[in-house]
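Source file: model_29.cif (mmCIF, C-alpha atoms and all ligand atoms)
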data_input
#
loop_
_atom_site.label_atom_id
_atom_site.label_comp_id
_atom_site.auth_asym_id
_atom_site.auth_seq_id
_atom_site.Cartn_x
_atom_site.Cartn_y
_atom_site.Cartn_z
CA MET A 17 1.24 65.07 5.19
CA TYR A 18 2.77 68.12 6.71
CA ILE A 19 5.53 68.21 9.35
CA GLY A 20 6.47 71.43 11.16
CA ILE A 21 9.99 71.93 12.52
CA ALA A 22 10.00 74.29 15.49
CA GLY A 23 12.02 75.26 18.53
CA LEU A 24 14.09 77.98 20.14
CA PRO A 25 16.33 80.19 17.99
CA GLY A 26 19.65 78.53 17.20
CA ALA A 27 18.44 75.04 18.12
CA GLY A 28 19.42 73.67 14.72
CA LYS A 29 16.00 73.66 13.05
CA THR A 30 17.23 74.82 9.67
CA THR A 31 20.22 72.50 9.90
CA LEU A 32 17.86 69.58 10.51
CA PHE A 33 15.58 70.76 7.71
CA ASN A 34 18.55 70.81 5.33
CA ALA A 35 19.61 67.35 6.47
CA VAL A 36 16.15 65.85 6.04
CA ALA A 37 15.30 67.55 2.77
CA ARG A 38 18.81 67.81 1.25
CA GLN A 39 18.32 71.53 0.97
CA LYS A 40 20.68 74.45 1.39
CA ALA A 41 18.58 76.90 3.33
CA GLN A 42 20.60 79.48 5.22
CA VAL A 43 21.60 78.35 8.71
CA GLY A 44 22.38 80.76 11.49
CA GLY A 45 19.49 83.04 10.47
CA TYR A 46 17.32 84.16 13.34
CA ALA A 47 13.94 85.88 13.71
CA GLY A 48 11.76 87.14 10.91
CA ASN A 49 12.52 84.45 8.35
CA GLU A 50 9.97 83.19 5.90
CA PRO A 51 9.50 79.47 6.48
CA ASN A 52 11.53 77.00 4.42
CA LEU A 53 9.46 74.37 2.65
CA ALA A 54 10.40 71.08 1.03
CA VAL A 55 8.80 67.87 -0.18
CA VAL A 56 10.62 64.76 1.04
CA LYS A 57 10.30 61.17 -0.08
CA VAL A 58 9.61 58.70 2.71
CA PRO A 59 12.16 55.86 2.74
CA ASP A 60 10.30 52.54 2.77
CA GLU A 61 12.03 49.22 2.32
CA ARG A 62 8.69 47.52 1.67
CA LEU A 63 8.26 49.58 -1.50
CA ASP A 64 11.92 48.99 -2.40
CA LYS A 65 11.34 45.25 -2.23
CA LEU A 66 8.21 45.48 -4.38
CA SER A 67 10.19 47.44 -6.95
CA ALA A 68 13.00 44.89 -6.84
CA LEU A 69 10.38 42.28 -7.71
CA PHE A 70 8.49 44.14 -10.45
CA GLN A 71 11.35 46.21 -11.91
CA PRO A 72 8.80 48.93 -12.74
CA ARG A 73 9.37 51.87 -15.07
CA LYS A 74 8.42 54.17 -12.19
CA HIS A 75 9.19 53.91 -8.48
CA THR A 76 7.16 56.40 -6.45
CA PRO A 77 7.60 56.63 -2.67
CA ALA A 78 5.16 58.44 -0.39
CA GLU A 79 5.94 62.11 0.19
CA VAL A 80 5.70 64.40 3.16
CA ARG A 81 6.12 68.15 3.35
CA PHE A 82 8.49 69.71 5.86
CA VAL A 83 8.31 73.32 6.94
CA ASP A 84 11.06 75.00 8.96
CA VAL A 85 9.93 78.12 10.78
CA ALA A 86 11.74 80.86 12.68
CA GLY A 87 12.54 80.34 16.34
CA VAL A 88 10.23 81.27 19.17
CA ALA A 89 11.51 82.17 22.62
CA LYS A 90 10.42 83.73 25.87
CA GLY A 91 10.11 87.50 25.66
CA MET A 92 9.84 87.66 21.88
CA GLY A 93 6.52 89.44 21.97
CA GLN A 94 3.09 88.00 21.41
CA GLU A 95 2.69 89.20 17.89
CA SER A 96 5.86 87.76 16.39
CA THR A 97 5.37 84.54 18.34
CA ALA A 98 1.84 84.21 16.98
CA ALA A 99 3.05 84.90 13.44
CA VAL A 100 5.60 82.09 13.62
CA LEU A 101 3.27 79.62 15.30
CA ALA A 102 0.56 80.29 12.71
CA HIS A 103 2.69 78.40 10.17
CA LEU A 104 2.45 75.30 12.34
CA ARG A 105 -1.31 75.15 12.89
CA THR A 106 -2.03 72.99 9.87
CA ALA A 107 0.87 70.62 10.54
CA ASP A 108 0.06 66.95 11.19
CA VAL A 109 3.17 66.44 13.31
CA LEU A 110 5.48 68.82 15.17
CA VAL A 111 9.21 68.31 15.40
CA GLN A 112 10.70 70.23 18.29
CA VAL A 113 14.46 70.68 17.89
CA ILE A 114 16.56 71.06 21.02
CA ALA A 115 20.14 72.38 21.06
CA ALA A 116 22.25 69.78 22.81
CA HIS A 117 25.35 70.47 20.71
CA GLN A 118 26.45 73.58 22.60
CA ASP A 119 28.03 73.70 26.00
CA GLY A 120 26.10 75.69 28.54
CA ARG A 121 22.63 74.83 27.23
CA ASN A 122 20.27 72.73 29.23
CA PRO A 123 18.18 70.55 26.89
CA ALA A 124 15.50 69.85 29.51
CA SER A 125 14.88 73.53 30.28
CA ASP A 126 15.07 74.43 26.56
CA TYR A 127 12.39 71.81 25.97
CA GLU A 128 10.26 73.31 28.72
CA GLU A 129 10.73 76.88 27.55
CA PHE A 130 9.48 76.09 24.07
CA ALA A 131 6.73 73.74 25.25
CA LEU A 132 5.48 76.56 27.45
CA GLU A 133 5.23 78.88 24.44
CA LEU A 134 3.07 76.29 22.70
CA GLN A 135 0.90 75.79 25.77
CA LEU A 136 0.37 79.52 26.23
CA ALA A 137 -0.56 79.92 22.59
CA ASP A 138 -3.14 77.13 22.86
CA LEU A 139 -4.44 78.35 26.19
CA GLY A 140 -4.90 81.87 24.81
CA GLN A 141 -7.01 80.50 21.98
CA VAL A 142 -9.04 78.34 24.33
CA GLU A 143 -9.72 81.22 26.72
CA ARG A 144 -10.80 83.63 24.00
CA ARG A 145 -13.13 81.10 22.45
CA VAL A 146 -14.60 79.96 25.77
CA GLU A 147 -15.32 83.54 26.75
CA ARG A 148 -17.10 84.13 23.47
CA LEU A 149 -19.12 80.94 23.58
CA GLU A 150 -20.16 81.52 27.18
CA LYS A 151 -21.36 84.98 26.30
CA GLU A 152 -23.39 83.63 23.40
CA VAL A 153 -24.94 80.99 25.63
CA ARG A 154 -25.73 83.59 28.29
CA LEU A 155 -27.33 85.99 25.84
CA GLY A 156 -29.47 83.21 24.40
CA ALA A 157 -27.53 82.17 21.34
CA LYS A 158 -28.47 82.87 17.76
CA GLY A 159 -28.80 80.20 15.11
CA THR A 160 -30.73 76.97 14.76
CA ALA A 161 -31.12 74.50 17.60
CA GLN A 162 -28.53 72.31 15.92
CA GLU A 163 -25.99 75.12 15.66
CA ARG A 164 -26.51 75.92 19.32
CA ALA A 165 -26.04 72.29 20.29
CA THR A 166 -22.79 72.14 18.32
CA LYS A 167 -21.50 75.22 20.08
CA GLU A 168 -22.38 73.79 23.44
CA ARG A 169 -20.47 70.63 22.61
CA GLU A 170 -17.51 72.67 21.44
CA LEU A 171 -17.59 74.56 24.72
CA GLU A 172 -17.56 71.27 26.63
CA VAL A 173 -14.47 70.07 24.75
CA LEU A 174 -12.65 73.36 25.33
CA GLN A 175 -13.48 73.19 29.02
CA LYS A 176 -11.86 69.77 29.13
CA LEU A 177 -8.68 71.12 27.57
CA ARG A 178 -8.44 74.29 29.61
CA PRO A 179 -7.45 72.91 33.04
CA VAL A 180 -4.98 70.54 31.41
CA LEU A 181 -3.27 73.41 29.59
CA GLU A 182 -3.38 75.53 32.73
CA SER A 183 -1.60 72.79 34.65
CA GLY A 184 1.24 72.85 32.09
CA GLN A 185 0.27 69.65 30.29
CA PRO A 186 -0.10 69.43 26.52
CA ALA A 187 -3.61 69.16 25.08
CA ARG A 188 -2.75 65.70 23.74
CA ALA A 189 -2.80 64.49 27.35
CA VAL A 190 -6.60 64.60 27.02
CA GLU A 191 -8.18 61.64 25.25
CA LEU A 192 -10.80 62.95 22.84
CA THR A 193 -13.27 61.02 20.72
CA GLN A 194 -13.20 61.55 16.96
CA ASP A 195 -16.33 63.67 17.24
CA GLU A 196 -14.73 65.86 19.87
CA GLN A 197 -11.59 66.21 17.79
CA ARG A 198 -13.63 67.31 14.82
CA LEU A 199 -15.23 70.09 16.85
CA ILE A 200 -11.88 71.72 17.58
CA LEU A 201 -10.00 70.78 14.42
CA ASN A 202 -10.00 74.33 13.08
CA PHE A 203 -7.97 75.67 15.98
CA GLY A 204 -4.97 73.53 15.05
CA PHE A 205 -3.94 73.34 18.70
CA LEU A 206 -0.18 72.94 18.74
CA THR A 207 0.10 70.84 21.89
CA GLN A 208 -2.48 68.45 20.51
CA LYS A 209 -0.26 67.41 17.61
CA PRO A 210 1.86 64.28 17.77
CA THR A 211 5.31 65.55 18.66
CA MET A 212 8.83 64.40 17.94
CA VAL A 213 11.49 65.94 20.16
CA VAL A 214 14.85 65.88 18.36
CA ALA A 215 17.99 66.61 20.34
CA ASN A 216 20.63 68.14 18.10
CA LEU A 217 23.98 66.63 19.13
CA ALA A 218 27.55 67.67 18.45
CA ASP A 219 29.42 65.37 16.05
CA GLU A 220 30.64 62.75 18.48
CA GLN A 221 28.40 63.40 21.44
CA PRO A 222 26.74 60.32 22.99
CA PRO A 223 22.93 60.51 22.76
CA GLU A 224 21.94 58.64 25.95
CA PRO A 225 22.37 61.34 28.62
CA VAL A 226 20.42 63.89 26.58
CA ILE A 227 17.64 61.44 25.81
CA THR A 228 17.35 60.51 29.48
CA ALA A 229 17.17 64.17 30.52
CA LEU A 230 14.53 64.93 27.89
CA ASN A 231 12.40 61.93 28.79
CA ALA A 232 12.41 63.09 32.39
CA ALA A 233 11.33 66.61 31.38
CA ILE A 234 8.61 65.36 29.03
CA GLY A 235 7.11 62.89 31.46
CA SER A 236 4.35 60.73 30.13
CA ALA A 237 2.85 62.80 27.32
CA PRO A 238 1.11 60.53 24.81
CA ARG A 239 2.04 60.58 21.12
CA THR A 240 5.49 61.92 21.85
CA VAL A 241 8.83 60.43 20.80
CA VAL A 242 12.40 61.50 21.51
CA LEU A 243 15.28 61.13 19.08
CA ALA A 244 18.84 62.42 19.05
CA LEU A 245 21.13 63.03 16.08
CA PRO A 246 24.01 65.27 15.05
CA ALA A 247 22.13 67.57 12.67
CA ARG A 248 25.14 69.30 11.15
CA LEU A 249 26.93 66.04 10.43
CA GLU A 250 23.72 64.66 8.93
CA MET A 251 23.42 67.78 6.78
CA ASP A 252 27.01 67.46 5.59
CA LEU A 253 26.47 63.77 4.79
CA GLY A 254 23.42 64.67 2.73
CA GLU A 255 25.53 66.88 0.49
CA LEU A 256 27.96 64.08 -0.40
CA ALA A 257 27.65 61.46 -3.10
CA GLU A 258 26.76 58.05 -1.71
CA GLU A 259 30.28 56.62 -1.88
CA GLU A 260 31.85 59.65 -0.28
CA ALA A 261 29.22 59.66 2.42
CA ALA A 262 29.98 56.00 3.20
CA GLU A 263 33.70 56.75 3.53
CA PHE A 264 33.03 59.79 5.67
CA MET A 265 30.70 57.81 7.93
CA GLU A 266 33.28 55.09 8.38
CA ALA A 267 35.93 57.67 9.28
CA MET A 268 33.53 59.29 11.78
CA GLY A 269 32.40 55.96 13.20
CA VAL A 270 28.77 56.61 12.21
CA ALA A 271 26.81 53.44 11.47
CA GLU A 272 23.84 54.95 9.62
CA ARG A 273 22.21 58.22 8.68
CA LYS A 274 19.50 59.13 11.13
CA VAL A 275 17.42 61.45 8.98
CA GLY A 276 15.52 58.53 7.48
CA GLU A 277 14.46 57.72 11.03
CA VAL A 278 13.13 61.25 11.51
CA ILE A 279 11.01 60.95 8.38
CA ARG A 280 9.78 57.44 9.14
CA GLN A 281 8.96 58.20 12.76
CA ALA A 282 7.14 61.41 11.87
CA TYR A 283 5.07 59.41 9.41
CA ALA A 284 4.37 56.75 12.02
CA LEU A 285 3.41 59.36 14.64
CA SER A 286 0.79 60.88 12.38
CA GLU A 287 -2.44 59.06 11.80
CA SER A 288 -1.17 58.14 8.33
CA ILE A 289 -0.40 54.74 6.86
CA SER A 290 0.75 53.58 3.43
CA PHE A 291 -0.76 51.17 1.00
CA PHE A 292 0.86 50.17 -2.27
CA THR A 293 0.04 49.63 -5.88
CA ALA A 294 2.52 47.41 -7.65
CA GLY A 295 3.13 46.32 -11.24
CA GLU A 296 5.55 46.60 -14.16
CA ASP A 297 4.40 50.14 -14.85
CA GLU A 298 4.79 51.60 -11.41
CA CYS A 299 5.33 50.63 -7.81
CA ARG A 300 3.92 53.32 -5.62
CA ALA A 301 3.13 54.14 -2.00
CA TRP A 302 -0.05 56.04 -1.19
CA THR A 303 -0.75 57.89 2.03
CA ILE A 304 -4.12 57.57 3.78
CA ARG A 305 -5.44 58.07 7.29
CA ARG A 306 -5.54 54.97 9.44
CA GLY A 307 -9.06 53.51 9.28
CA THR A 308 -9.81 54.61 5.72
CA PRO A 309 -12.24 52.27 3.90
CA ALA A 310 -11.17 50.75 0.57
CA GLN A 311 -13.47 52.86 -1.59
CA GLU A 312 -12.13 56.10 -0.15
CA ALA A 313 -8.54 54.80 -0.37
CA ALA A 314 -9.15 54.10 -4.06
CA GLY A 315 -10.00 57.78 -4.42
CA ALA A 316 -6.47 58.67 -3.32
CA ILE A 317 -5.31 57.07 -6.58
CA HIS A 318 -8.00 58.57 -8.80
CA SER A 319 -11.53 59.81 -8.20
CA ASP A 320 -12.81 57.45 -10.94
CA LEU A 321 -11.60 54.49 -8.91
CA ALA A 322 -13.71 55.60 -5.96
CA ARG A 323 -16.72 56.48 -8.09
CA GLY A 324 -16.77 53.22 -10.06
CA PHE A 325 -15.41 51.05 -7.26
CA ILE A 326 -16.38 47.38 -7.59
CA ARG A 327 -13.96 45.67 -5.22
CA ALA A 328 -10.33 45.58 -4.19
CA GLU A 329 -7.95 42.66 -4.54
CA VAL A 330 -5.74 42.83 -1.50
CA ILE A 331 -2.54 41.11 -0.47
CA ARG A 332 0.02 41.96 2.17
CA TRP A 333 3.24 43.35 0.64
CA ASP A 334 5.46 40.70 2.25
CA GLN A 335 3.28 37.84 1.02
CA LEU A 336 3.45 39.22 -2.52
CA VAL A 337 7.23 39.53 -2.30
CA GLU A 338 7.49 36.01 -0.88
CA VAL A 339 5.47 34.36 -3.62
CA GLY A 340 6.85 36.52 -6.44
CA SER A 341 3.79 37.39 -8.55
CA GLU A 342 0.12 38.20 -8.30
CA ALA A 343 -0.81 35.06 -10.24
CA ALA A 344 1.15 32.83 -7.87
CA ALA A 345 -0.38 34.65 -4.91
CA LYS A 346 -3.86 33.95 -6.26
CA LYS A 347 -3.06 30.26 -6.63
CA LYS A 348 -2.05 30.17 -3.00
CA GLY A 349 -5.29 31.89 -2.04
CA TRP A 350 -3.42 34.84 -0.58
CA VAL A 351 -5.28 37.48 -2.59
CA ARG A 352 -8.43 38.59 -0.78
CA GLN A 353 -11.50 40.10 -2.45
CA GLU A 354 -12.56 43.06 -0.33
CA GLY A 355 -15.53 45.41 -0.60
CA LYS A 356 -16.04 49.16 -0.20
CA THR A 357 -15.93 49.19 3.56
CA TYR A 358 -12.78 47.10 4.04
CA GLU A 359 -10.44 49.03 6.31
CA VAL A 360 -7.16 49.31 4.40
CA GLN A 361 -4.15 48.20 6.46
CA ASP A 362 -0.63 49.57 6.51
CA GLY A 363 1.40 47.58 3.94
CA ASP A 364 -1.55 46.28 1.89
CA VAL A 365 -1.02 46.01 -1.85
CA LEU A 366 -4.26 46.98 -3.57
CA HIS A 367 -5.58 46.30 -7.02
CA ILE A 368 -8.82 48.22 -7.49
CA LEU A 369 -11.44 46.83 -9.86
CA PHE A 370 -13.74 49.56 -11.08
CA ASN A 371 -16.19 50.49 -13.75
CA VAL A 372 -17.09 54.03 -14.83
N1 LIG B 1 28.67 72.37 16.15
C1 LIG B 1 27.44 72.30 15.70
N2 LIG B 1 26.84 73.41 15.31
C2 LIG B 1 25.58 73.35 14.86
C3 LIG B 1 24.88 72.11 14.77
N3 LIG B 1 23.64 72.36 14.32
C4 LIG B 1 23.56 73.69 14.11
N4 LIG B 1 24.72 74.29 14.42
C5 LIG B 1 25.02 75.73 14.33
O1 LIG B 1 24.06 76.41 15.11
C6 LIG B 1 23.67 77.59 14.46
C7 LIG B 1 22.17 77.64 14.32
O2 LIG B 1 21.74 76.61 13.46
P1 LIG B 1 20.37 76.74 12.67
O3 LIG B 1 20.11 75.44 12.03
O4 LIG B 1 20.36 77.92 11.78
O5 LIG B 1 19.38 76.96 13.89
P2 LIG B 1 17.85 77.44 13.89
O6 LIG B 1 17.85 78.85 14.35
O7 LIG B 1 17.20 76.55 14.89
O8 LIG B 1 17.30 77.26 12.51
C8 LIG B 1 24.39 77.63 13.13
O9 LIG B 1 25.49 78.47 13.24
C9 LIG B 1 24.79 76.21 12.92
O10 LIG B 1 25.96 76.11 12.14
C10 LIG B 1 25.56 70.93 15.18
O11 LIG B 1 25.03 69.83 15.14
N5 LIG B 1 26.85 71.07 15.63
MG MG B 2 16.45 78.61 11.17
#
Translate this structure into structure tokens?
Ligand SMILES: Nc1nc2c(ncn2[C@@H]2O[C@H](COP(=O)(O)OP(=O)(O)O)[C@@H](O)[C@H]2O)c(=O)[nH]1
Ligand SMILES: [Mg+2]
Amino acid sequence: MYIGIAGLPGAGKTTLFNAVARQKAQVGGYAGNEPNLAVVKVPDERLDKLSALFQPRKHTPAEVRFVDVAGVAKGMGQESTAAVLAHLRTADVLVQVIAAHQDGRNPASDYEEFALELQLADLGQVERRVERLEKEVRLGAKGTAQERATKERELEVLQKLRPVLESGQPARAVELTQDEQRLILNFGFLTQKPTMVVANLADEQPPEPVITALNAAIGSAPRTVVLALPARLEMDLGELAEEEAAEFMEAMGVAERKVGEVIRQAYALSESISFFTAGEDECRAWTIRRGTPAQEAAGAIHSDLARGFIRAEVIRWDQLVEVGSEAAAKKKGWVRQEGKTYEVQDGDVLHILFNV
């Protein structure tokens, strides 16, 4: 899974990236940067509890990739804006960072300024493609009947998005079927992505007023969450050893680090869920799309497991932890035998039986 960190210059994107990924990318850099990339482990207390039970040789959390791109702002020029936004097109989730830590900035209008850049980028793509498709239809399109039908359906979807984008709403305000989504997947529309708006606070700034102002600016966009955290403090905490960090947090009156929340919420916003494999060898979280059938989920572990799939033994993670072992779980009748098409649920522990 891939999470893009974006926003206006100086919002605190790189600071947040460093905090989340425990990196030391240069802060205070402005336009023209290459993106910063990092792989981050997803904190998951369910997996921690499974590992506490099995004491495995290996403990392997799910991972997500974060990318931190240069800022985009009004008047930057179409070309450099497009170059920055191109890095975000394949992201599963967007994190929009808002500077709330500086006096004299207005978080709500900063949110709107950046959101407008995203909308204009999407609208530009929609308009160019619509124009092209309409021309093809007018000229009597080339290709097979099926190809023509697909293009006509694509055109219909784009014509649904267009007025919404023109009215200043994000594309995710339009409910699309899976089929419709597939038709426009390649565009990577930015305002269609689940979005986390993160207000970057000063060290002891209260979050509530900023969150209220942002919620008012955002309105009722679906698949959007708002968080607030002091990014620089979080970054500094990430550089300390655990004990030092605890002392520092107590001195600052900070109850918990918030970066875990950013990672967890980004994961939850995406269409991804985790299932587990658990044993003395390894306890591990695997990432799949919600709705994935068991046979395909098995393929996330190894292609042989999908190819030779017989069935899956499935138990919920908390039931396994409660009863203490797979054998005891079986006695209680808590282990289900599921076939190829079973839709794997978030938090399932799977044991795949296979034969190749
Ligand atoms: N006081 C304060 N300064 C911050 C905070 N976050 C970022 N900064 C400063 O703001 C500037 C821009 O931060 P940076 O992360 O590079 O912003 P970016 O352009 O969005 O990547 C840097 O000088 C940071 O030190 C914060 O939470 N508090
Ligand atoms: Mg930066």
For this session: Pick out the residues sitting within 12 Å of A:Thr228, and hand them over as a PyMOL selection string; count only C-alpha atoms, and ignore anything fewer than 2 positions along from it in its own chain.
Result: chain A and resi 123-124+215+222-226+230-235+242-244
Prev. selection, C-alpha atoms, output as a PDB file, in the frame of the given file:
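The new file part.pdb reads:
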ATOM      1  CA  PRO A 123      18.180  70.550  26.890  1.00  0.00           C
ATOM      2  CA  ALA A 124      15.500  69.850  29.510  1.00  0.00           C
ATOM      3  CA  ALA A 215      17.990  66.610  20.340  1.00  0.00           C
ATOM      4  CA  PRO A 222      26.740  60.320  22.990  1.00  0.00           C
ATOM      5  CA  PRO A 223      22.930  60.510  22.760  1.00  0.00           C
ATOM      6  CA  GLU A 224      21.940  58.640  25.950  1.00  0.00           C
ATOM      7  CA  PRO A 225      22.370  61.340  28.620  1.00  0.00           C
ATOM      8  CA  VAL A 226      20.420  63.890  26.580  1.00  0.00           C
ATOM      9  CA  LEU A 230      14.530  64.930  27.890  1.00  0.00           C
ATOM     10  CA  ASN A 231      12.400  61.930  28.790  1.00  0.00           C
ATOM     11  CA  ALA A 232      12.410  63.090  32.390  1.00  0.00           C
ATOM     12  CA  ALA A 233      11.330  66.610  31.380  1.00  0.00           C
ATOM     13  CA  ILE A 234       8.610  65.360  29.030  1.00  0.00           C
ATOM     14  CA  GLY A 235       7.110  62.890  31.460  1.00  0.00           C
ATOM     15  CA  VAL A 242      12.400  61.500  21.510  1.00  0.00           C
ATOM     16  CA  LEU A 243      15.280  61.130  19.080  1.00  0.00           C
ATOM     17  CA  ALA A 244      18.840  62.420  19.050  1.00  0.00           C
TER      18      ALA A 244
END
For this session: Show me which residues sit within 9 Å of ligand MG 2 (chain B) when counting all atoms listed in the file, and put them as a VMD selection string.
Result: chain A and resid 22 25 to 31 33 41 to 47 49 51 to 52 84 to 87
With C-alpha atoms kept, could you save the residues just selected as a PDB file, in the coordinates of the input?
ATOM      1  CA  ALA A  22      10.000  74.290  15.490  1.00  0.00           C
ATOM      2  CA  PRO A  25      16.330  80.190  17.990  1.00  0.00           C
ATOM      3  CA  GLY A  26      19.650  78.530  17.200  1.00  0.00           C
ATOM      4  CA  ALA A  27      18.440  75.040  18.120  1.00  0.00           C
ATOM      5  CA  GLY A  28      19.420  73.670  14.720  1.00  0.00           C
ATOM      6  CA  LYS A  29      16.000  73.660  13.050  1.00  0.00           C
ATOM      7  CA  THR A  30      17.230  74.820   9.670  1.00  0.00           C
ATOM      8  CA  THR A  31      20.220  72.500   9.900  1.00  0.00           C
ATOM      9  CA  PHE A  33      15.580  70.760   7.710  1.00  0.00           C
ATOM     10  CA  ALA A  41      18.580  76.900   3.330  1.00  0.00           C
ATOM     11  CA  GLN A  42      20.600  79.480   5.220  1.00  0.00           C
ATOM     12  CA  VAL A  43      21.600  78.350   8.710  1.00  0.00           C
ATOM     13  CA  GLY A  44      22.380  80.760  11.490  1.00  0.00           C
ATOM     14  CA  GLY A  45      19.490  83.040  10.470  1.00  0.00           C
ATOM     15  CA  TYR A  46      17.320  84.160  13.340  1.00  0.00           C
ATOM     16  CA  ALA A  47      13.940  85.880  13.710  1.00  0.00           C
ATOM     17  CA  ASN A  49      12.520  84.450   8.350  1.00  0.00           C
ATOM     18  CA  PRO A  51       9.500  79.470   6.480  1.00  0.00           C
ATOM     19  CA  ASN A  52      11.530  77.000   4.420  1.00  0.00           C
ATOM     20  CA  ASP A  84      11.060  75.000   8.960  1.00  0.00           C
ATOM     21  CA  VAL A  85       9.930  78.120  10.780  1.00  0.00           C
ATOM     22  CA  ALA A  86      11.740  80.860  12.680  1.00  0.00           C
ATOM     23  CA  GLY A  87      12.540  80.340  16.340  1.00  0.00           C
TER      24      GLY A  87
END
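Nearest-residue note for ligand LIG 1 (chain B): choosing from A:Ala37, A:Arg62, A:Val88, A:Glu150, the minimum distance belongs to A:Val88, counting all atoms listed in the file.
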For this session: Give me the residues within 6 Å of A:Arg300 as a ChimeraX atom specification, counting all atoms listed in the file and dropping any in the same chain fewer than 4 places off.
Result: /A:76-77,292-293
Calculate, to one decimal in Å, the centre and edge lengths of the box along x, y and z of the file that holds all listed atoms of ligand LIG 1 (chain B) with 3 Å of margin on each side, and present them as JSON.
{"center_x": 22.9, "center_y": 74.3, "center_z": 14.0, "size_x": 17.5, "size_y": 15.0, "size_z": 10.4}
For this session: Identify, on the basis of only C-alpha atoms, every residue whose closest approach to A:Gln194 does not exceed 12 Å; exclude the query and any residue fewer than 5 positions from it along the same chain; express the result as a count of residues only.
Result: 5
Problem set entry | Point-to-point distance from atom CA of A:Trp302 to atom CA of A:Glu79, Å rounded to tenths | 8.6 Å
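A straight line drawn from atom CA of A:Leu256 to atom CA of A:Leu285 is 29.2 Å long.
For the residues A:Met17, A:Ala102, A:Ala343, A:Ile114, ranking by smallest atom-to-atom distance to ligand LIG 1 (chain B) using all atoms listed in the file places A:Ile114 first.
Residues with any atom within 10 Å of A:Lys65, counting all atoms listed in the file and excluding same-chain neighbours fewer than 3 positions away, are Asp60, Glu61, Arg62, Ala68, Leu69, Phe70, Gln71, Cys299, Trp333, Asp334, Leu336 and Val337 of chain A.
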For the residues selected in the previous step, produce a file with C-alpha atoms as a PDB file, in the frame of the given file.
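Saved to result13.pdb:
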ATOM      1  CA  ASP A  60      10.300  52.540   2.770  1.00  0.00           C
ATOM      2  CA  GLU A  61      12.030  49.220   2.320  1.00  0.00           C
ATOM      3  CA  ARG A  62       8.690  47.520   1.670  1.00  0.00           C
ATOM      4  CA  ALA A  68      13.000  44.890  -6.840  1.00  0.00           C
ATOM      5  CA  LEU A  69      10.380  42.280  -7.710  1.00  0.00           C
ATOM      6  CA  PHE A  70       8.490  44.140 -10.450  1.00  0.00           C
ATOM      7  CA  GLN A  71      11.350  46.210 -11.910  1.00  0.00           C
ATOM      8  CA  CYS A 299       5.330  50.630  -7.810  1.00  0.00           C
ATOM      9  CA  TRP A 333       3.240  43.350   0.640  1.00  0.00           C
ATOM     10  CA  ASP A 334       5.460  40.700   2.250  1.00  0.00           C
ATOM     11  CA  LEU A 336       3.450  39.220  -2.520  1.00  0.00           C
ATOM     12  CA  VAL A 337       7.230  39.530  -2.300  1.00  0.00           C
TER      13      VAL A 337
END
Problem set entry | Atom pair atom CA of A:Gly93 / atom CA of A:Glu129: separation (Å) |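 If I compute the distance from atom CA of A:Gly93 to atom CA of A:Glu129, I get 14.4 Å.
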Problem set entry | Selected residue of minimal separation from ligand LIG 1 (chain B) among A:Glu95, A:Glu170, A:Asp252, A:Glu182, counting only C-alpha atoms and all ligand atoms |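 Among the listed residues, A:Asp252 lies closest to ligand LIG 1 (chain B).
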For this session: Rank nothing, just name the residue among A:Lys209, A:His367, A:Arg323, A:Arg121 nearest to A:Asp108, using only C-alpha atoms.
Result: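 The answer is A:Lys209, which sits nearest to A:Asp108.
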Exercise. For ligand LIG 1 (chain B), which residue among A:Val214, A:Val153, A:Val80, A:Ile368 is the nearest when counting only C-alpha atoms and all ligand atoms?
Worked result: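 Checking each candidate against ligand LIG 1 (chain B), we get A:Val214 as the closest.
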Exercise. Restricting the calculation to only C-alpha atoms and all ligand atoms, which member of A:Arg327, A:Arg248, A:Arg154, A:Arg148 is positioned closest to ligand LIG 1 (chain B)?
Worked result: A:Arg248
For this session: Around the point (-1.6, 40.0, -1.0), in the coordinates given by the file, pick out the residues reaching within 8 Å, counting all atoms listed in the file, and return them as a PyMOL selection string.
Result: chain A and resi 329-336+342+345+350-352+364-366
Exercise. Could you pull the residues within 8 Å of A:Ala310, counting only C-alpha atoms, minus those fewer than 3 positions along the same chain, as an MDAnalysis selection string?
Worked result: chainID A and resid 313:314 328 354:360
Problem set entry | Neighbours of point (-0.6, 66.7, 30.8) within 9 Å, using all atoms listed in the file, written as a PyMOL selection string | chain A and resi 180-181+183-190+235-238
